[in-house]
Amino acid sequence: MADDLKQAVARRRTFAIISHPDAGKTTLTEKLLLFGGAIQLAGEVKAKKDRMNTRSDWMKIERERGISVVTSVMTFEYDDHVFNLLDTPGHEDFADDTYRTLTAVDSAIMVIDAAKGIEPRTLKLFEVCRLRNIPIITFVNKMDRETRDPFEILDEIEDKLALDTAPVTWPVGRGKTFAGTYHLADNAMRTTDAQEHREIVEGPRSAKVAGLLPANERDAFTEELELAREACRPFNRQSFLEGHLTPVYFGSALRNFGVRDLIEALGEHAPQPRDQEADSRTVSSTERGMTGFVFKIQANMDPNHRDRIAFMRVCSGTLKRGMKAKLTRTGKALSLSAPQFFFARSRITADEAFAGDVVGIPNHGTLRIGDTLTDGEELLFRGVPNFAPEILRRVRLGDAMKAKKLKEALQQMAEEGVVQLFTPEDGSPAIVGVVGALQLDVLKQRLDVEYSLPVDFEVARFSICRWISADNEAELQRFINAHRADMARDLDDDPVFLAQHTFSLNYEADRWKDIRFADIKDYQ
Ligand code: G4P
């Protein structure tokens, strides 16, 4: 039994794809799913994305929840491994959702456009991964188009990300002449026309390689390959797992090339589900007791019922359908009668799930982002982040009679992570905070459609918010008393200081040395 559990955990790889828009994340996702047999036809993931391209369409999609929810997590099997690919929203206005999703993965694929190199959003997402020591596999995509020199791309990764690189494969030709990849350590070739097939060759000068390249490119290729072998680092799994080194693969997602290398690299090198820090101890992924945490909530799968799906990453043990779990925030029991697994287009009821798996738990508002579920143990996983919003607004309601309903609706939206909600200490109307402006559009639309509450937003007097804390409780209270008009409480009743601008924040921080002003808070 214990061995079965260990094996089930060892088979799992839970990962995300990070990239700048347009680098090829959607195309690669689709190809990974194709290889894993999760979808039959190319184009399905793409179809979803196309419908989400414009701002107004986003809203429609938000209502058609079914589509986005099934692609939030995609499970497929390949070579005896179970892969859980967690999707992250492409738009940067939903960055907080992406960051929270990254708390639930064990590794990531970084997709880079071979012509563009490291772009701003790749850099940002990489930094989030680094903070969490998430090992990264790099895929240099679009090798079938005009590209930069591969050495230049490797240098850029090393310089901009301060990350060692180890090219595992090397492109044979580029752009129009891109014909395959050469495995540096194994002397093995994969060609674009038969990538199922991996052929061991005698070396870069072998007839097989020569036959793939135009005569005038052959010598250059051999020299390049020799240089790559001499000058580049070999792959070192330990450095990779510690987040210091990234193995680099070249390919073309569109041409379906290099994708198999990537899946195999995930299976072979990427870590199995990790042990997870909790407040009282470290939870081993192979221990028997079931634990997990919620990192995402998706509402309105069915607009007629206010049901929500909470996405929970299982951290240990076996989650069994029908089991009673303990929600440690409230101490209450929750029956897991219909946990869900997700595939590219469908979801099924999960009978069993193990560490690394992500299950959807339907509920009517019981679960919040950051919640911990166990099979009885008093335990709290921390680390699902809450970011200080960059836009603060007061919600203006036409019909004052509906104030109570608005309060409830905002509370629900805040629990789902759509917005953050701050209740001012001076009794003035609630303030909502978001990281990106599109989130306000989603809030307005949902309040209107789901709660019949047409609202507008007013610029608040404040533009910055910080969670405050202090070792000395009396000092914290003194600060709160001295700033009543600038204080609010968040959803957990934690104190938040609202500032008009950076200047006033810095001024207060200077005067109150014992108060900490945090721009990130863990959900709890
Ligand atoms: P994203 O999710 O990261 O935003 O990128 P996506 O996969 O949508 O790809 C962005 C564009 O790049 C798409 O073209 C896609 O077809 C193209 N692309 C992706 N991978 C490759 C590749 O390996 N080689 C080449 N040549 N192109 C690639 P588009 O013009 O925006 O869409 P479409 O009209 O082709 O559907």
# chains A, B, ... in the order shown; residues from 1 in each chain; ligands from 1

$ residues_around --residues "Asp193 of chain A" --least-positions-apart "3" --cutoff "9 Å" --atoms "only C-alpha atoms" --output "VMD selection string"
chain A and resid 179 to 180 190 196 257

$ residues_near_ligand --ligand "ligand 1" --cutoff "8 Å" --atoms "only C-alpha atoms and all ligand atoms" --output "count of residues only"
27

$ atom_distance --atom1 "atom CA of Glu377 of chain A" --atom2 "atom CA of Thr328 of chain A"
8.0 Å

$ closest_residue --among "A:Phe76, A:Pro167, A:Leu241, A:Met413" --to "Lys31 of chain A" --atoms "only C-alpha atoms"
A:Phe76

$ residues_around --residues "His244 of chain A" --least-positions-apart "4" --cutoff "9 Å" --atoms "only C-alpha atoms" --output "list in words"
Arg130, Asn133, Pro135, Ala162, Leu163, Asp164, Thr165, Gln238, Ser239 and Phe240 of chain A

$ closest_residue --among "A:Gln439, A:Thr169, A:Thr177, A:Thr423" --to "Pro495 of chain A" --atoms "only C-alpha atoms"
A:Thr423

$ residues_around --residues "Gly331 of chain A" --least-positions-apart "5" --cutoff "12 Å" --atoms "only C-alpha atoms" --output "NGL selection string"
:A and (325-326 or 366 or 371-380)

$ write_last_selection --atoms "N, CA and C atoms" --output "mmCIF file, in the first residue's frame"
data_model
loop_
_atom_site.group_PDB
_atom_site.id
_atom_site.type_symbol
_atom_site.label_atom_id
_atom_site.label_comp_id
_atom_site.auth_asym_id
_atom_site.auth_seq_id
_atom_site.Cartn_x
_atom_site.Cartn_y
_atom_site.Cartn_z
ATOM 1 N N ALA A 325 -13.355 15.670 4.544
ATOM 2 C CA ALA A 325 -12.118 16.406 4.771
ATOM 3 C C ALA A 325 -12.376 17.482 5.812
ATOM 4 N N LYS A 326 -11.306 17.919 6.431
ATOM 5 C CA LYS A 326 -11.455 18.993 7.413
ATOM 6 C C LYS A 326 -10.932 20.289 6.797
ATOM 7 N N THR A 366 -18.068 27.638 0.392
ATOM 8 C CA THR A 366 -17.411 27.228 1.634
ATOM 9 C C THR A 366 -15.910 27.435 1.542
ATOM 10 N N ASP A 371 -7.174 28.107 1.346
ATOM 11 C CA ASP A 371 -7.661 27.151 2.347
ATOM 12 C C ASP A 371 -6.858 25.855 2.323
ATOM 13 N N THR A 372 -6.731 25.255 3.494
ATOM 14 C CA THR A 372 -6.087 23.945 3.613
ATOM 15 C C THR A 372 -7.147 22.909 3.947
ATOM 16 N N LEU A 373 -7.093 21.767 3.270
ATOM 17 C CA LEU A 373 -7.965 20.640 3.619
ATOM 18 C C LEU A 373 -7.084 19.474 4.055
ATOM 19 N N THR A 374 -7.517 18.764 5.090
ATOM 20 C CA THR A 374 -6.767 17.597 5.546
ATOM 21 C C THR A 374 -7.769 16.487 5.859
ATOM 22 N N ASP A 375 -7.235 15.308 6.220
ATOM 23 C CA ASP A 375 -8.206 14.299 6.643
ATOM 24 C C ASP A 375 -8.345 14.294 8.163
ATOM 25 N N GLY A 376 -8.057 15.398 8.768
ATOM 26 C CA GLY A 376 -8.307 15.530 10.200
ATOM 27 C C GLY A 376 -7.274 16.363 10.928
ATOM 28 N N GLU A 377 -6.060 16.376 10.384
ATOM 29 C CA GLU A 377 -4.980 17.078 11.089
ATOM 30 C C GLU A 377 -5.192 18.588 11.070
ATOM 31 N N GLU A 378 -4.809 19.203 12.183
ATOM 32 C CA GLU A 378 -4.845 20.660 12.287
ATOM 33 C C GLU A 378 -3.587 21.195 11.605
ATOM 34 N N LEU A 379 -3.739 21.778 10.439
ATOM 35 C CA LEU A 379 -2.553 22.118 9.653
ATOM 36 C C LEU A 379 -2.888 23.265 8.718
ATOM 37 N N LEU A 380 -1.903 24.092 8.419
ATOM 38 C CA LEU A 380 -2.160 25.220 7.537
ATOM 39 C C LEU A 380 -0.997 25.377 6.563
#

$ residues_around --residues "Trp512 of chain A" --least-positions-apart "6" --cutoff "12 Å" --atoms "only C-alpha atoms" --output "ChimeraX atom specification"
/A:468-470,475-476,478-480,482-483,505-506

$ atom_distance --atom1 "atom CA of Arg100 of chain A" --atom2 "atom CA of Ile153 of chain A"
28.8 Å

$ residues_around --residues "segment 78-89 of chain A" --least-positions-apart "3" --cutoff "6 Å" --atoms "only C-alpha atoms" --output "list in words"
Arg11, Arg12, Arg13, Thr14, Phe15, Ala16, Gly36, Ser72, Val73, Met74, Thr75 and Thr98 of chain A

$ closest_residue --among "A:Val259, A:Cys465, A:Leu397, A:Met290" --to "Ser452 of chain A" --atoms "only C-alpha atoms"
A:Leu397

$ select_by_dssp --residues "segment 328-518 of chain A" --states "helix (DSSP H, G or I)" --output "PyMOL selection string"
chain A and resi 400-416+437-451+473-482+484-486+502-511

$ select_by_dssp --residues "segment 134-230 of chain A" --states "strand (DSSP E or B)" --output "PyMOL selection string"
chain A and resi 136-141+164-167+169-172+180-183+188-191+199-200

$ decode --residues "segment 376-389 of chain A" --atoms "N, CA and C atoms" --output "mmCIF file, in the first residue's frame"
data_model
loop_
_atom_site.group_PDB
_atom_site.id
_atom_site.type_symbol
_atom_site.label_atom_id
_atom_site.label_comp_id
_atom_site.auth_asym_id
_atom_site.auth_seq_id
_atom_site.Cartn_x
_atom_site.Cartn_y
_atom_site.Cartn_z
ATOM 1 N N GLY A 376 -8.057 15.398 8.768
ATOM 2 C CA GLY A 376 -8.307 15.530 10.200
ATOM 3 C C GLY A 376 -7.274 16.363 10.928
ATOM 4 N N GLU A 377 -6.060 16.376 10.384
ATOM 5 C CA GLU A 377 -4.980 17.078 11.089
ATOM 6 C C GLU A 377 -5.192 18.588 11.070
ATOM 7 N N GLU A 378 -4.809 19.203 12.183
ATOM 8 C CA GLU A 378 -4.845 20.660 12.287
ATOM 9 C C GLU A 378 -3.587 21.195 11.605
ATOM 10 N N LEU A 379 -3.739 21.778 10.439
ATOM 11 C CA LEU A 379 -2.553 22.118 9.653
ATOM 12 C C LEU A 379 -2.888 23.265 8.718
ATOM 13 N N LEU A 380 -1.903 24.092 8.419
ATOM 14 C CA LEU A 380 -2.160 25.220 7.537
ATOM 15 C C LEU A 380 -0.997 25.377 6.563
ATOM 16 N N PHE A 381 -1.303 25.277 5.273
ATOM 17 C CA PHE A 381 -0.262 25.571 4.289
ATOM 18 C C PHE A 381 -0.268 27.068 4.057
ATOM 19 N N ARG A 382 0.907 27.645 4.030
ATOM 20 C CA ARG A 382 0.984 29.071 3.725
ATOM 21 C C ARG A 382 1.631 29.254 2.372
ATOM 22 N N GLY A 383 1.639 30.463 1.912
ATOM 23 C CA GLY A 383 2.439 30.738 0.718
ATOM 24 C C GLY A 383 1.644 31.020 -0.529
ATOM 25 N N VAL A 384 0.308 30.883 -0.487
ATOM 26 C CA VAL A 384 -0.472 31.338 -1.651
ATOM 27 C C VAL A 384 -0.583 32.855 -1.509
ATOM 28 N N PRO A 385 0.033 33.604 -2.407
ATOM 29 C CA PRO A 385 0.182 35.038 -2.141
ATOM 30 C C PRO A 385 -1.024 35.887 -2.514
ATOM 31 N N ASN A 386 -1.159 36.960 -1.792
ATOM 32 C CA ASN A 386 -2.131 38.002 -2.031
ATOM 33 C C ASN A 386 -1.306 39.250 -2.314
ATOM 34 N N PHE A 387 -1.514 39.916 -3.453
ATOM 35 C CA PHE A 387 -0.669 41.055 -3.780
ATOM 36 C C PHE A 387 -1.398 42.358 -3.501
ATOM 37 N N ALA A 388 -0.662 43.332 -3.014
ATOM 38 C CA ALA A 388 -1.284 44.635 -2.779
ATOM 39 C C ALA A 388 -1.804 45.140 -4.118
ATOM 40 N N PRO A 389 -3.087 45.481 -4.173
ATOM 41 C CA PRO A 389 -3.641 45.935 -5.442
ATOM 42 C C PRO A 389 -3.013 47.241 -5.902
#
